[in-house]
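run_26.txt (compact mmCIF, C-alpha atoms) appears below.
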```txt
# COMPACT_ATOMS: atom_id res chain seq x y z
CA MET W 1 -16.07 146.63 -36.71
CA ARG W 2 -17.92 144.52 -34.17
CA THR W 3 -15.99 142.53 -31.57
CA ILE W 4 -15.69 138.83 -32.48
CA GLY W 5 -15.86 136.25 -29.70
CA LEU W 6 -13.87 133.06 -30.31
CA ILE W 7 -14.49 129.83 -28.40
CA GLY W 8 -11.13 128.11 -28.83
CA GLY W 9 -8.87 125.44 -27.45
CA MET W 10 -10.17 122.57 -29.60
CA SER W 11 -7.25 122.39 -30.23
CA TRP W 12 -5.08 125.41 -29.43
CA GLU W 13 -3.23 124.80 -32.71
CA SER W 14 -6.40 125.49 -34.67
CA SER W 15 -7.24 128.45 -32.43
CA ALA W 16 -3.88 130.01 -33.30
CA GLU W 17 -4.77 129.55 -36.97
CA TYR W 18 -8.13 131.23 -36.41
CA TYR W 19 -6.45 134.22 -34.78
CA ARG W 20 -3.92 134.56 -37.60
CA LEU W 21 -6.52 134.26 -40.36
CA LEU W 22 -8.93 136.59 -38.59
CA ASN W 23 -6.40 139.39 -38.48
CA GLU W 24 -5.06 138.73 -41.97
CA GLU W 25 -8.58 138.89 -43.41
CA THR W 26 -9.34 142.09 -41.50
CA ARG W 27 -6.15 143.74 -42.77
CA ARG W 28 -6.88 142.53 -46.31
CA ARG W 29 -10.27 144.21 -46.21
CA LEU W 30 -9.39 147.37 -44.27
CA GLY W 31 -5.70 147.81 -45.03
CA GLY W 32 -3.07 149.60 -43.00
CA HIS W 33 -2.52 148.42 -39.44
CA HIS W 34 -6.07 147.21 -38.87
CA CYS W 35 -6.66 144.18 -36.62
CA ALA W 36 -9.89 142.43 -35.70
CA PRO W 37 -11.34 143.42 -32.30
CA SER W 38 -11.67 140.00 -30.71
CA LEU W 39 -11.96 138.01 -27.51
CA LEU W 40 -10.63 134.44 -27.24
CA LEU W 41 -11.84 132.06 -24.54
CA THR W 42 -9.82 128.84 -24.50
CA VAL W 43 -11.45 125.72 -23.07
CA ASP W 44 -9.50 122.67 -21.94
CA PHE W 45 -9.41 120.29 -24.92
CA ALA W 46 -8.65 117.33 -22.64
CA GLU W 47 -12.08 117.71 -21.05
CA ILE W 48 -13.82 118.22 -24.39
CA GLU W 49 -12.08 115.18 -25.90
CA ARG W 50 -13.16 113.03 -22.94
CA LEU W 51 -16.78 114.14 -23.34
CA GLN W 52 -16.62 113.39 -27.07
CA ARG W 53 -15.14 109.95 -26.49
CA THR W 54 -17.72 109.03 -23.85
CA GLY W 55 -20.67 110.43 -25.77
CA GLN W 56 -21.49 113.16 -23.23
CA TRP W 57 -22.54 115.67 -25.87
CA ASP W 58 -25.12 117.43 -23.69
CA ARG W 59 -22.46 118.12 -21.07
CA ALA W 60 -20.08 119.37 -23.76
CA GLY W 61 -22.82 121.60 -25.16
CA ALA W 62 -23.49 123.08 -21.71
CA LEU W 63 -19.78 123.77 -21.21
CA LEU W 64 -19.48 125.58 -24.55
CA ALA W 65 -22.74 127.45 -23.95
CA ASP W 66 -21.19 128.79 -20.73
CA ALA W 67 -18.16 129.89 -22.73
CA ALA W 68 -20.39 131.73 -25.19
CA ARG W 69 -22.23 133.51 -22.38
CA THR W 70 -18.92 134.56 -20.85
CA LEU W 71 -17.79 136.03 -24.16
CA GLU W 72 -21.05 137.89 -24.63
CA LYS W 73 -20.81 139.37 -21.13
CA ALA W 74 -17.23 140.42 -21.89
CA GLY W 75 -18.38 142.37 -24.95
CA ALA W 76 -18.43 139.93 -27.88
CA GLU W 77 -20.93 141.03 -30.53
CA LEU W 78 -20.86 137.77 -32.50
CA ILE W 79 -19.58 134.26 -31.75
CA LEU W 80 -17.39 131.80 -33.66
CA LEU W 81 -16.95 128.27 -32.31
CA CYS W 82 -13.43 127.40 -33.49
CA THR W 83 -13.98 123.72 -34.26
CA ASN W 84 -15.96 121.64 -36.74
CA THR W 85 -16.78 118.65 -34.55
CA MET W 86 -18.32 120.64 -31.71
CA HIS W 87 -20.83 122.20 -34.10
CA LYS W 88 -22.73 119.05 -33.24
CA VAL W 89 -23.85 121.09 -30.21
CA ALA W 90 -24.15 124.39 -32.09
CA SER W 91 -27.80 124.84 -31.12
CA ALA W 92 -26.89 124.78 -27.41
CA VAL W 93 -24.22 127.41 -27.98
CA SER W 94 -26.25 129.71 -30.23
CA GLY W 95 -29.27 129.42 -27.94
CA ALA W 96 -27.25 130.60 -24.95
CA VAL W 97 -26.55 134.07 -26.32
CA GLY W 98 -28.36 136.98 -27.87
CA VAL W 99 -25.62 137.86 -30.35
CA PRO W 100 -25.23 136.24 -33.79
CA PHE W 101 -23.60 132.80 -34.00
CA VAL W 102 -21.70 132.08 -37.24
CA HIS W 103 -22.14 128.39 -38.15
CA ILE W 104 -19.09 126.81 -39.78
CA VAL W 105 -21.10 124.52 -42.09
CA ASP W 106 -23.17 127.41 -43.46
CA ALA W 107 -20.03 129.47 -43.99
CA THR W 108 -18.34 126.59 -45.83
CA ALA W 109 -21.37 125.67 -47.92
CA GLN W 110 -21.76 129.25 -49.11
CA ARG W 111 -18.25 129.13 -50.58
CA LEU W 112 -18.73 125.85 -52.43
CA THR W 113 -19.40 125.80 -56.16
CA SER W 114 -19.57 121.99 -56.32
CA ARG W 115 -22.70 120.07 -55.34
CA ARG W 116 -20.99 116.75 -54.54
CA VAL W 117 -18.08 116.97 -52.12
CA GLY W 118 -15.83 114.71 -50.10
CA LEU W 119 -15.51 115.40 -46.38
CA LEU W 120 -12.50 114.88 -44.14
CA GLY W 121 -12.80 115.40 -40.40
CA THR W 122 -12.96 113.60 -37.11
CA ARG W 123 -14.88 110.34 -36.94
CA PHE W 124 -17.74 112.24 -35.27
CA THR W 125 -17.95 114.73 -38.14
CA MET W 126 -17.68 112.09 -40.86
CA GLU W 127 -20.00 109.47 -39.37
CA GLN W 128 -22.71 111.44 -37.58
CA ASP W 129 -25.51 113.28 -39.35
CA PHE W 130 -25.11 116.84 -38.10
CA TYR W 131 -22.61 117.95 -40.77
CA ARG W 132 -24.10 116.13 -43.75
CA GLU W 133 -27.65 117.22 -42.94
CA ARG W 134 -26.63 120.87 -42.62
CA MET W 135 -24.81 120.65 -45.97
CA ALA W 136 -27.91 119.06 -47.52
CA ARG W 137 -29.92 122.17 -46.60
CA HIS W 138 -27.65 124.01 -49.03
CA GLY W 139 -28.20 121.38 -51.74
CA ILE W 140 -24.79 119.77 -51.24
CA GLU W 141 -24.26 116.00 -51.19
CA VAL W 142 -21.45 114.81 -48.93
CA ILE W 143 -19.37 111.67 -49.39
CA VAL W 144 -17.16 110.41 -46.58
CA PRO W 145 -14.23 108.00 -46.80
CA ASP W 146 -14.82 104.27 -46.44
CA GLU W 147 -13.12 102.28 -43.73
CA PRO W 148 -10.25 101.98 -42.98
CA ASP W 149 -9.71 105.49 -44.42
CA ARG W 150 -12.00 107.10 -41.82
CA THR W 151 -9.86 105.64 -39.05
CA VAL W 152 -6.69 106.96 -40.71
CA VAL W 153 -8.12 110.47 -41.02
CA HIS W 154 -9.43 110.51 -37.43
CA ASP W 155 -6.29 109.07 -35.84
CA VAL W 156 -3.98 111.51 -37.60
CA ILE W 157 -6.07 114.40 -36.27
CA TYR W 158 -6.10 113.26 -32.65
CA GLN W 159 -2.71 111.58 -32.38
CA GLU W 160 -0.70 114.05 -34.47
CA LEU W 161 -2.27 117.33 -35.59
CA THR W 162 -3.91 118.27 -32.27
CA ARG W 163 -0.50 117.65 -30.69
CA ASN W 164 1.26 119.91 -33.20
CA ARG W 165 2.90 116.98 -35.01
CA VAL W 166 3.06 117.05 -38.81
CA VAL W 167 4.21 113.71 -40.23
CA GLU W 168 5.11 113.29 -43.90
CA ALA W 169 3.81 109.70 -44.00
CA SER W 170 0.42 110.97 -42.87
CA ARG W 171 0.40 113.55 -45.66
CA VAL W 172 0.90 110.70 -48.14
CA ARG W 173 -1.97 108.74 -46.58
CA TYR W 174 -4.28 111.76 -46.72
CA ARG W 175 -3.44 112.21 -50.40
CA GLU W 176 -4.49 108.61 -51.00
CA VAL W 177 -7.74 109.06 -49.06
CA MET W 178 -8.59 112.20 -51.05
CA ALA W 179 -7.78 110.45 -54.34
CA ARG W 180 -10.25 107.69 -53.46
CA LEU W 181 -12.94 110.29 -52.73
CA VAL W 182 -12.31 111.82 -56.15
CA GLU W 183 -12.62 108.35 -57.74
CA ARG W 184 -16.04 108.07 -56.08
CA GLY W 185 -17.21 111.32 -57.64
CA ALA W 186 -16.16 114.09 -55.28
CA GLU W 187 -15.89 117.35 -57.21
CA ALA W 188 -14.22 119.10 -54.26
CA VAL W 189 -12.96 118.07 -50.82
CA VAL W 190 -13.98 119.93 -47.66
CA LEU W 191 -11.34 120.05 -44.95
CA GLY W 192 -13.89 119.67 -42.17
CA CYS W 193 -11.46 119.76 -39.29
CA THR W 194 -9.69 122.95 -38.31
CA GLU W 195 -6.26 121.28 -38.02
CA ILE W 196 -6.10 119.53 -41.41
CA THR W 197 -4.61 122.54 -43.21
CA LEU W 198 -1.52 122.03 -41.07
CA LEU W 199 -0.97 118.83 -43.08
CA VAL W 200 -2.27 119.22 -46.64
CA ASP W 201 -2.90 121.97 -49.17
CA GLN W 202 -4.19 122.29 -52.72
CA SER W 203 -1.07 120.68 -54.18
CA ASP W 204 -2.07 117.43 -52.47
CA CYS W 205 -5.43 117.02 -54.22
CA ALA W 206 -6.66 116.84 -57.83
CA VAL W 207 -9.92 118.72 -57.10
CA PRO W 208 -10.47 121.99 -55.20
CA LEU W 209 -9.85 121.86 -51.44
CA VAL W 210 -12.23 123.98 -49.37
CA ASP W 211 -10.84 125.03 -46.01
CA SER W 212 -13.68 125.25 -43.48
CA THR W 213 -11.53 127.33 -41.11
CA ARG W 214 -10.83 130.03 -43.67
CA SER W 215 -14.46 130.00 -44.81
CA HIS W 216 -15.60 130.43 -41.20
CA VAL W 217 -13.20 133.31 -40.58
CA GLU W 218 -14.21 135.09 -43.77
CA ALA W 219 -17.90 134.82 -42.84
CA GLY W 220 -17.13 136.12 -39.34
CA VAL W 221 -15.20 139.13 -40.59
CA GLU W 222 -17.89 139.86 -43.19
CA LEU W 223 -20.57 139.91 -40.49
CA ALA W 224 -18.41 141.95 -38.12
CA LEU W 225 -18.01 144.61 -40.79
CA ALA W 226 -21.65 144.59 -41.92
```
Could you show the structure in this file as structure tokens?
Amino acid sequence: MRTIGLIGGMSWESSAEYYRLLNEETRRRLGGHHCAPSLLLTVDFAEIERLQRTGQWDRAGALLADAARTLEKAGAELILLCTNTMHKVASAVSGAVGVPFVHIVDATAQRLTSRRVGLLGTRFTMEQDFYRERMARHGIEVIVPDEPDRTVVHDVIYQELTRNRVVEASRVRYREVMARLVERGAEAVVLGCTEITLLVDQSDCAVPLVDSTRSHVEAGVELALA
């Protein structure tokens, strides 16, 4: 099994989920006491969040590209960027290394059976084109929440989930947001932020929920074992 390099810290809560899922999936496939050979490089989310907020995406891309190069030099044989939002700069990261880069949108799209899906994520993921356009390459139409639902989804991520706070009232609000997406024709809902599974699961939604984190991990393990 090839060594998987993880660029984490965005947030550490989601990175912990990546590590857990990575090893669970490896054991599921290989059995026994098998774990995934992996390297985790944690960046400082405070710096990344500031660059997001101030629109300094090129600087953020350069920082994550450096992280990818460090992982490759340390022995990583493929790279996973453990965040949805920062796939906005995926080309900078993948272009910095010679090993395969597993893109979270491709991994998620390949596990979708529906062609019209709702998307929950940060404001950047929901409002900018990088996620929707990549999904469109796979023939998938993406619907995002209207306002003020987008603000609700974004604020819960940054003010609660990335700080390891799970609030029941926010779970109720997310259920309402997802129900409105279903009313608008969503046949499935993509959890396009790596922390959202801390808050909701399939019991909270009338249509299939697709966890981008799990999809990403499964694609990474599949490639590592190929």
Checklist line | Close residues, stretch 165-180 of chain W itself excluded, 9 Å, only C-alpha atoms, min 6 positions apart in chain, as a list in words | finding: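 After dropping sequence-adjacent residues, the list is Gly118, Leu119, Leu120, Pro145, Asp146, Asp149, Arg150, Val152, Val153, Val156, Gln159, Ala186, Val189, Leu198, Leu199, Val200, Asp204, Cys205, Ala206 and Val207 of chain W.
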Next item on the list: Mind checking which residues fall within 6 Å of stretch 92-98 of chain W, counting all atoms listed in the file, ignoring those fewer than 5 positions away in the same chain, and posting them as a ChimeraX atom specification?
Entry: /W:61,65,69
Could you turn the residues from that selection into a file that holds C-alpha atoms, as a PDB file, in the coordinates of the input?
```pdb
ATOM      1  CA  GLY W  61     -22.820 121.600 -25.160  1.00  0.00           C
ATOM      2  CA  ALA W  65     -22.740 127.450 -23.950  1.00  0.00           C
ATOM      3  CA  ARG W  69     -22.230 133.510 -22.380  1.00  0.00           C
TER       4      ARG W  69
END
```
Checklist line | Distance in Å - atom CA of W:Ala109 versus atom CA of W:Arg132 | finding: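 Separation of atom CA of W:Ala109 and atom CA of W:Arg132: 10.8 Å.
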Next item on the list: With a distance cut-off of 10 Å and all atoms listed in the file, select the neighbouring residues of W:Asp211, excluding the residue or stretch itself and same-chain residues fewer than 3 positions from it, and output the selection as number ranges by chain.
Entry: W: 108, 111, 189-197, 201-202, 208, 214-216
Notebook entry, point to check: Between W:Ala226, W:Cys35, W:Leu80, W:Ala74, which is the closest to W:Gly8 once you count only C-alpha atoms?
Noted result: W:Leu80
Checklist line | Residues within 10 Å of W:Thr113, all atoms listed in the file, excluding chain neighbours under 5 positions, as an MDAnalysis selection string | finding: chainID W and resid 140 187:188 208
Next item on the list: Please provide the set of residues having any atom within 12 Å of W:Ile79, restricted to all atoms listed in the file, with same-chain residues fewer than 3 positions apart removed, written as a ChimeraX atom specification.
Entry: /W:2-8,38-41,64-65,67-76,82,90,93-104,216-217,219-221,223-224
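Distances here use only C-alpha atoms; by that measure, the residue among W:Ile143, W:Val89, W:Val43, W:Ile48 closest to W:Glu183 is W:Ile143.
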Please rebuild stretch 27-38 of chain W with all heavy atoms and give the result as a PDB file, in the coordinates of the input.
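Final output, selection-v9.pdb:
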```pdb
ATOM      1  N   ARG W  27      -7.117 142.835 -42.125  1.00  0.00           N
ATOM      2  CA  ARG W  27      -6.150 143.740 -42.770  1.00  0.00           C
ATOM      3  C   ARG W  27      -6.345 143.751 -44.286  1.00  0.00           C
ATOM      4  O   ARG W  27      -6.221 144.797 -44.930  1.00  0.00           O
ATOM      5  CB  ARG W  27      -4.731 143.337 -42.417  1.00  0.00           C
ATOM      6  CG  ARG W  27      -3.685 144.264 -43.028  1.00  0.00           C
ATOM      7  CD  ARG W  27      -2.293 143.966 -42.503  1.00  0.00           C
ATOM      8  NE  ARG W  27      -2.195 144.286 -41.087  1.00  0.00           N
ATOM      9  CZ  ARG W  27      -1.119 144.040 -40.340  1.00  0.00           C
ATOM     10  NH1 ARG W  27      -0.067 143.451 -40.884  1.00  0.00           N
ATOM     11  NH2 ARG W  27      -1.110 144.364 -39.074  1.00  0.00           N
ATOM     12  N   ARG W  28      -6.662 142.589 -44.858  1.00  0.00           N
ATOM     13  CA  ARG W  28      -6.880 142.530 -46.310  1.00  0.00           C
ATOM     14  C   ARG W  28      -8.045 143.427 -46.711  1.00  0.00           C
ATOM     15  O   ARG W  28      -7.999 144.116 -47.733  1.00  0.00           O
ATOM     16  CB  ARG W  28      -7.166 141.093 -46.735  1.00  0.00           C
ATOM     17  CG  ARG W  28      -7.283 140.898 -48.247  1.00  0.00           C
ATOM     18  CD  ARG W  28      -7.694 139.492 -48.611  1.00  0.00           C
ATOM     19  NE  ARG W  28      -9.081 139.224 -48.289  1.00  0.00           N
ATOM     20  CZ  ARG W  28     -10.121 139.615 -49.053  1.00  0.00           C
ATOM     21  NH1 ARG W  28      -9.907 140.308 -50.161  1.00  0.00           N
ATOM     22  NH2 ARG W  28     -11.356 139.324 -48.698  1.00  0.00           N
ATOM     23  N   ARG W  29      -9.081 143.435 -45.879  1.00  0.00           N
ATOM     24  CA  ARG W  29     -10.270 144.210 -46.210  1.00  0.00           C
ATOM     25  C   ARG W  29     -10.120 145.699 -45.875  1.00  0.00           C
ATOM     26  O   ARG W  29     -10.630 146.549 -46.595  1.00  0.00           O
ATOM     27  CB  ARG W  29     -11.492 143.643 -45.481  1.00  0.00           C
ATOM     28  CG  ARG W  29     -11.946 142.287 -46.019  1.00  0.00           C
ATOM     29  CD  ARG W  29     -13.072 141.724 -45.170  1.00  0.00           C
ATOM     30  NE  ARG W  29     -13.475 140.405 -45.633  1.00  0.00           N
ATOM     31  CZ  ARG W  29     -14.692 140.120 -46.127  1.00  0.00           C
ATOM     32  NH1 ARG W  29     -15.601 141.066 -46.207  1.00  0.00           N
ATOM     33  NH2 ARG W  29     -14.989 138.895 -46.511  1.00  0.00           N
ATOM     34  N   LEU W  30      -9.448 145.993 -44.753  1.00  0.00           N
ATOM     35  CA  LEU W  30      -9.390 147.370 -44.270  1.00  0.00           C
ATOM     36  C   LEU W  30      -8.057 148.057 -44.529  1.00  0.00           C
ATOM     37  O   LEU W  30      -7.970 149.290 -44.504  1.00  0.00           O
ATOM     38  CB  LEU W  30      -9.709 147.418 -42.770  1.00  0.00           C
ATOM     39  CG  LEU W  30     -11.089 146.919 -42.358  1.00  0.00           C
ATOM     40  CD1 LEU W  30     -11.256 147.033 -40.846  1.00  0.00           C
ATOM     41  CD2 LEU W  30     -12.197 147.675 -43.075  1.00  0.00           C
ATOM     42  N   GLY W  31      -7.002 147.249 -44.744  1.00  0.00           N
ATOM     43  CA  GLY W  31      -5.700 147.810 -45.030  1.00  0.00           C
ATOM     44  C   GLY W  31      -4.985 148.362 -43.808  1.00  0.00           C
ATOM     45  O   GLY W  31      -5.445 148.230 -42.672  1.00  0.00           O
ATOM     46  N   GLY W  32      -3.827 148.947 -44.055  1.00  0.00           N
ATOM     47  CA  GLY W  32      -3.070 149.600 -43.000  1.00  0.00           C
ATOM     48  C   GLY W  32      -2.695 148.675 -41.860  1.00  0.00           C
ATOM     49  O   GLY W  32      -2.271 147.539 -42.076  1.00  0.00           O
ATOM     50  N   HIS W  33      -2.861 149.186 -40.630  1.00  0.00           N
ATOM     51  CA  HIS W  33      -2.520 148.420 -39.440  1.00  0.00           C
ATOM     52  C   HIS W  33      -3.744 147.820 -38.752  1.00  0.00           C
ATOM     53  O   HIS W  33      -3.680 147.446 -37.577  1.00  0.00           O
ATOM     54  CB  HIS W  33      -1.775 149.325 -38.440  1.00  0.00           C
ATOM     55  CG  HIS W  33      -0.458 149.815 -38.940  1.00  0.00           C
ATOM     56  ND1 HIS W  33       0.636 148.983 -39.084  1.00  0.00           N
ATOM     57  CD2 HIS W  33      -0.045 151.046 -39.352  1.00  0.00           C
ATOM     58  CE1 HIS W  33       1.666 149.676 -39.546  1.00  0.00           C
ATOM     59  NE2 HIS W  33       1.283 150.922 -39.725  1.00  0.00           N
ATOM     60  N   HIS W  34      -4.838 147.687 -39.489  1.00  0.00           N
ATOM     61  CA  HIS W  34      -6.070 147.210 -38.870  1.00  0.00           C
ATOM     62  C   HIS W  34      -5.954 145.761 -38.380  1.00  0.00           C
ATOM     63  O   HIS W  34      -5.392 144.899 -39.067  1.00  0.00           O
ATOM     64  CB  HIS W  34      -7.234 147.316 -39.848  1.00  0.00           C
ATOM     65  CG  HIS W  34      -7.751 148.708 -40.014  1.00  0.00           C
ATOM     66  ND1 HIS W  34      -8.465 149.361 -39.046  1.00  0.00           N
ATOM     67  CD2 HIS W  34      -7.636 149.579 -41.055  1.00  0.00           C
ATOM     68  CE1 HIS W  34      -8.791 150.569 -39.462  1.00  0.00           C
ATOM     69  NE2 HIS W  34      -8.279 150.738 -40.684  1.00  0.00           N
ATOM     70  N   CYS W  35      -6.500 145.524 -37.193  1.00  0.00           N
ATOM     71  CA  CYS W  35      -6.660 144.180 -36.620  1.00  0.00           C
ATOM     72  C   CYS W  35      -8.123 143.990 -36.267  1.00  0.00           C
ATOM     73  O   CYS W  35      -8.880 144.958 -36.154  1.00  0.00           O
ATOM     74  CB  CYS W  35      -5.813 144.011 -35.354  1.00  0.00           C
ATOM     75  SG  CYS W  35      -4.038 144.124 -35.627  1.00  0.00           S
ATOM     76  N   ALA W  36      -8.512 142.730 -36.070  1.00  0.00           N
ATOM     77  CA  ALA W  36      -9.890 142.430 -35.700  1.00  0.00           C
ATOM     78  C   ALA W  36     -10.084 142.572 -34.195  1.00  0.00           C
ATOM     79  O   ALA W  36      -9.386 141.900 -33.429  1.00  0.00           O
ATOM     80  CB  ALA W  36     -10.243 141.011 -36.131  1.00  0.00           C
ATOM     81  N   PRO W  37     -11.011 143.422 -33.729  1.00  0.00           N
ATOM     82  CA  PRO W  37     -11.340 143.420 -32.300  1.00  0.00           C
ATOM     83  C   PRO W  37     -11.892 142.038 -31.939  1.00  0.00           C
ATOM     84  O   PRO W  37     -12.864 141.577 -32.550  1.00  0.00           O
ATOM     85  CB  PRO W  37     -12.425 144.502 -32.187  1.00  0.00           C
ATOM     86  CG  PRO W  37     -12.321 145.312 -33.438  1.00  0.00           C
ATOM     87  CD  PRO W  37     -11.812 144.388 -34.490  1.00  0.00           C
ATOM     88  N   SER W  38     -11.257 141.371 -30.995  1.00  0.00           N
ATOM     89  CA  SER W  38     -11.670 140.000 -30.710  1.00  0.00           C
ATOM     90  C   SER W  38     -11.396 139.621 -29.272  1.00  0.00           C
ATOM     91  O   SER W  38     -10.539 140.208 -28.605  1.00  0.00           O
ATOM     92  CB  SER W  38     -10.943 139.015 -31.645  1.00  0.00           C
ATOM     93  OG  SER W  38      -9.537 139.087 -31.473  1.00  0.00           O
TER      94      SER W  38
END
```
